[in-house]
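Heads up, the thing below is written out as structure tokens.
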Amino acid sequence: MRLADKIALITGASSGMGRAAALTFAREGATVVVTDVEDADGTAVAEEIRAHGGQAEYRRLDVTDEASWTAAVTHVLDHHGRLDVLVNNAGISGTFDPDLTSTAFYDRLLQVNARGVFLGIKHGAAAMSGRGGGSIVNLTSIAASIGQIGVHLGYAASKGAIKAMTTTASVHYAGEGIRVNAVAPGLLPPMRTSRGSTDPVWRAKQVEGVPMGRTGEVQEVADVILFLASAESSYVTGVEIQVDGGYTAQ
């Protein structure tokens with residue numbers, strides 16, 4: 001019960017890594033506020049948690065909209081009294097887009113991935129300040145650190161921005177007891193917003209580049225998110241942990 005009595009808000013929690021983190025947090029004792037724009041799937045995750053004896057609710061949250069953030073965080077404070085953990089997981093994939101220099105897609109990637117995390121840090125930290133601090137965990141990507149074939153330039157830019165915001169925010173908020181860290185997944189099962197990453201030839205080529213020789217699992221990412229959310233990482237802030245099977249170690 002590493003998150004016993006903690007209040008956690010997770011964005012993009014209706015599927016993938018967000019769903020895995022929500023289920024893991026609930027098993028570890030947290031009350032989980034599941035947020036997304038996919039209402040049916042998000043509601044189903046909250047219901048699944050409650051069916052297994054956990055505490056959860058679903059709230060719609062468009063991470064690109066500041067008013068939506070204000071409403072979500074206000075709800076958490078009004079109903080739970082505090083926010084202990086924020087996981088900025090919501091994002092869209094830029095994997096294998098047909099036009100890696102599409103300006104429209106670049107703008108969308110920065111809007112959702114980078115602006116979404118910026119607003120999360122802004123409103124999450126404000127909720128934690130003066131209430132005992134907390135932990136903010138941002139999801140970056142190995143694309144923030146290395147070049148990859150078939151990845152939209154905007155995706156790399158957005159994840160690089162999150163990495164930079166993580167280090168800056170960690171220093172800015174350290175004195176208030178707020179830790180800010182990041183998790184950088186490597187090759188995982190395709191995101192719902194992926195376009196061509198399910199192509200078997202492309203997938204096989206990517207797996208060949210992973211020293212451990214396999215695709216990662218979302219639960220493996222969720223376990224690292226849990227570590228950064230818990231008191232086990234109480235002296236850890238400003239770091240990015242790669243969960244990539246050794247890909248960036250080469």
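Residues in the structure tokens are named by chain (A, B, ... in the order shown) and by number from 1 within that chain; ligands are numbered from 1 in the order shown.
Assigned to strand (DSSP E) in segment 76-239 of chain A, given DSSP computed from backbone atoms, are Val85, Leu86, Val87, Asn88, Gly134, Ser135, Ile136, Val137, Asn138, Leu139, Ile178, Arg179, Val180, Asn181, Ala182, Val183, Ala184 and Pro185 of chain A.
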- Item | Long-range neighbours of Leu153 of chain A as number ranges by chain, 12 Å cut-off, only C-alpha atoms, 6 positions minimum in chain | A: 93-110, 143-144, 146-147, 159-160
Restricting the output to C-alpha atoms, write the selected residues as a PDB file, in the first residue's frame.
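Written out: part_6.pdb:
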```pdb
ATOM      1  CA  SER A  93       1.631   9.773 -30.931  1.00  0.00           C
ATOM      2  CA  GLY A  94       3.737  11.068 -33.772  1.00  0.00           C
ATOM      3  CA  THR A  95       4.951   7.632 -34.790  1.00  0.00           C
ATOM      4  CA  PHE A  96       5.348   6.967 -38.481  1.00  0.00           C
ATOM      5  CA  ASP A  97       3.144   9.817 -39.663  1.00  0.00           C
ATOM      6  CA  PRO A  98       3.075   9.937 -43.470  1.00  0.00           C
ATOM      7  CA  ASP A  99       4.292  13.564 -43.451  1.00  0.00           C
ATOM      8  CA  LEU A 100       6.959  14.077 -40.812  1.00  0.00           C
ATOM      9  CA  THR A 101       6.952  17.831 -41.473  1.00  0.00           C
ATOM     10  CA  SER A 102       3.196  18.472 -41.455  1.00  0.00           C
ATOM     11  CA  THR A 103       2.745  21.892 -39.857  1.00  0.00           C
ATOM     12  CA  ALA A 104      -0.817  21.167 -38.790  1.00  0.00           C
ATOM     13  CA  PHE A 105       0.225  17.961 -37.040  1.00  0.00           C
ATOM     14  CA  TYR A 106       3.221  19.725 -35.472  1.00  0.00           C
ATOM     15  CA  ASP A 107       0.869  22.299 -33.947  1.00  0.00           C
ATOM     16  CA  ARG A 108      -1.447  19.564 -32.659  1.00  0.00           C
ATOM     17  CA  LEU A 109       1.413  17.598 -31.090  1.00  0.00           C
ATOM     18  CA  LEU A 110       2.724  20.660 -29.269  1.00  0.00           C
ATOM     19  CA  ALA A 143      12.356  10.523 -28.732  1.00  0.00           C
ATOM     20  CA  ALA A 144      13.296  13.477 -26.499  1.00  0.00           C
ATOM     21  CA  ILE A 146      17.619  10.294 -29.574  1.00  0.00           C
ATOM     22  CA  GLY A 147      16.647  10.406 -33.221  1.00  0.00           C
ATOM     23  CA  LYS A 159       8.649  15.369 -25.658  1.00  0.00           C
ATOM     24  CA  GLY A 160      11.857  17.400 -25.508  1.00  0.00           C
TER      25      GLY A 160
END
```
- Within 12 Å of Ala125 of chain A using only C-alpha atoms, minus same-chain residues under 6 positions, as number ranges by chain: A: 73, 82-87, 117-119, 131-137, 169-170, 172-180
Writer output for current selection, C-alpha atoms, as a compact mmCIF listing (two decimals), in the first residue's frame:
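Dumped everything to result-v1.txt:
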```txt
# COMPACT_ATOMS: atom_id res chain seq x y z
CA VAL A 73 -8.30 20.52 -9.92
CA ARG A 82 -5.80 17.93 -1.49
CA LEU A 83 -3.89 16.57 -4.48
CA ASP A 84 -0.90 14.36 -3.66
CA VAL A 85 0.07 12.94 -7.04
CA LEU A 86 -0.38 14.16 -10.60
CA VAL A 87 0.56 11.99 -13.57
CA VAL A 117 1.87 19.05 -19.48
CA PHE A 118 2.63 22.73 -18.92
CA LEU A 119 -0.93 23.33 -17.74
CA ARG A 131 -0.79 21.46 1.38
CA GLY A 132 2.22 19.30 2.18
CA GLY A 133 3.69 19.08 -1.32
CA GLY A 134 3.37 16.16 -3.65
CA SER A 135 4.72 14.35 -6.67
CA ILE A 136 4.27 15.24 -10.35
CA VAL A 137 5.26 12.59 -12.89
CA ALA A 169 9.92 22.76 -12.55
CA SER A 170 11.76 20.39 -10.23
CA HIS A 172 11.36 25.80 -9.05
CA TYR A 173 9.09 23.79 -6.74
CA ALA A 174 11.61 21.83 -4.66
CA GLY A 175 11.39 24.25 -1.75
CA GLU A 176 7.64 23.65 -1.54
CA GLY A 177 7.99 19.89 -1.15
CA ILE A 178 6.85 19.21 -4.72
CA ARG A 179 8.90 16.69 -6.65
CA VAL A 180 8.77 16.71 -10.46
```
- Item | Filtered DSSP result for segment 62-162 of chain A, state helix (DSSP H, G or I), as an MDAnalysis selection string | chainID A and resid 66:80 103:128 142:144 153:162
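Atom pair atom CA of Tyr247 of chain A / atom CA of Ile142 of chain A has a distance of 8.3 Å (rounded to one decimal).
You will find atom CA of Arg2 of chain A at 6.1 Å from atom CA of Ser230 of chain A.
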- Item | Distance query Thr70 of chain A at most 12 Å, only C-alpha atoms, self and fewer than 6 positions along chain excluded, as number ranges by chain | A: 60-64, 76-78, 119-124, 126-127
Output of the above residues as an mmCIF file, in the first residue's frame, restricted to N, CA and C atoms:
```
data_model
loop_
_atom_site.group_PDB
_atom_site.id
_atom_site.type_symbol
_atom_site.label_atom_id
_atom_site.label_comp_id
_atom_site.auth_asym_id
_atom_site.auth_seq_id
_atom_site.Cartn_x
_atom_site.Cartn_y
_atom_site.Cartn_z
ATOM 1 N N ARG A 60 -14.000 14.265 -16.865
ATOM 2 C CA ARG A 60 -13.553 14.650 -18.198
ATOM 3 C C ARG A 60 -12.545 15.785 -18.072
ATOM 4 N N LEU A 61 -11.425 15.653 -18.746
ATOM 5 C CA LEU A 61 -10.395 16.684 -18.724
ATOM 6 C C LEU A 61 -9.717 16.771 -20.080
ATOM 7 N N ASP A 62 -9.884 17.903 -20.741
ATOM 8 C CA ASP A 62 -9.165 18.200 -21.974
ATOM 9 C C ASP A 62 -7.889 18.931 -21.569
ATOM 10 N N VAL A 63 -6.750 18.267 -21.689
ATOM 11 C CA VAL A 63 -5.508 18.832 -21.162
ATOM 12 C C VAL A 63 -5.058 20.088 -21.899
ATOM 13 N N THR A 64 -5.604 20.341 -23.080
ATOM 14 C CA THR A 64 -5.218 21.541 -23.826
ATOM 15 C C THR A 64 -5.984 22.782 -23.374
ATOM 16 N N VAL A 76 -11.144 18.284 -7.377
ATOM 17 C CA VAL A 76 -10.342 17.428 -6.503
ATOM 18 C C VAL A 76 -10.182 18.064 -5.130
ATOM 19 N N LEU A 77 -9.862 19.346 -5.096
ATOM 20 C CA LEU A 77 -9.662 20.024 -3.809
ATOM 21 C C LEU A 77 -10.975 20.136 -3.031
ATOM 22 N N ASP A 78 -12.063 20.408 -3.730
ATOM 23 C CA ASP A 78 -13.362 20.539 -3.049
ATOM 24 C C ASP A 78 -13.842 19.211 -2.468
ATOM 25 N N LEU A 119 0.243 22.977 -18.534
ATOM 26 C CA LEU A 119 -0.934 23.326 -17.740
ATOM 27 C C LEU A 119 -1.082 22.390 -16.541
ATOM 28 N N GLY A 120 -0.732 21.131 -16.736
ATOM 29 C CA GLY A 120 -0.798 20.195 -15.629
ATOM 30 C C GLY A 120 0.146 20.584 -14.504
ATOM 31 N N ILE A 121 1.384 20.913 -14.858
ATOM 32 C CA ILE A 121 2.350 21.336 -13.851
ATOM 33 C C ILE A 121 1.857 22.605 -13.161
ATOM 34 N N LYS A 122 1.374 23.548 -13.949
ATOM 35 C CA LYS A 122 0.912 24.823 -13.396
ATOM 36 C C LYS A 122 -0.186 24.622 -12.362
ATOM 37 N N HIS A 123 -1.222 23.914 -12.740
ATOM 38 C CA HIS A 123 -2.373 23.764 -11.854
ATOM 39 C C HIS A 123 -2.146 22.684 -10.791
ATOM 40 N N GLY A 124 -1.390 21.655 -11.127
ATOM 41 C CA GLY A 124 -1.094 20.629 -10.148
ATOM 42 C C GLY A 124 -0.225 21.161 -9.019
ATOM 43 N N ALA A 126 0.094 24.257 -8.089
ATOM 44 C CA ALA A 126 -0.678 25.229 -7.303
ATOM 45 C C ALA A 126 -1.553 24.523 -6.275
ATOM 46 N N ALA A 127 -2.101 23.361 -6.645
ATOM 47 C CA ALA A 127 -2.942 22.605 -5.719
ATOM 48 C C ALA A 127 -2.124 21.970 -4.604
#
```
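If you look at atom CA of Ile241 of chain A and atom CA of Ala184 of chain A, they are 5.9 Å away from each other.
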- With only C-alpha atoms as the atoms that count, which of A:Ile149, A:Met212, A:Leu187, A:Val221 lies nearest to Arg19 of chain A? A:Val221
- Between A:Glu220, A:Glu57, A:Glu48, A:Glu232, which one has atoms that come closest to Asp244 of chain A, using only C-alpha atoms? A:Glu220
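Comparing A:Thr11, A:Thr248, A:Ser145, A:Asn89 by their smallest distance to Gly209 of chain A, the closest is A:Thr248 (using only C-alpha atoms).
Remark: for Ser141 of chain A, the closest of the candidate residues A:Val243, A:Val171, A:Ala40, A:Ala8 is A:Val243 (distances computed over only C-alpha atoms).
Using only C-alpha atoms, the nearest neighbour of Ile49 of chain A within the list A:Asp5, A:Asp36, A:Glu28, A:Glu66 is A:Glu28.
Closest to Pro190 of chain A among A:Gly16, A:Ala156, A:Leu3, A:Glu38 is A:Gly16, based on only C-alpha atoms.
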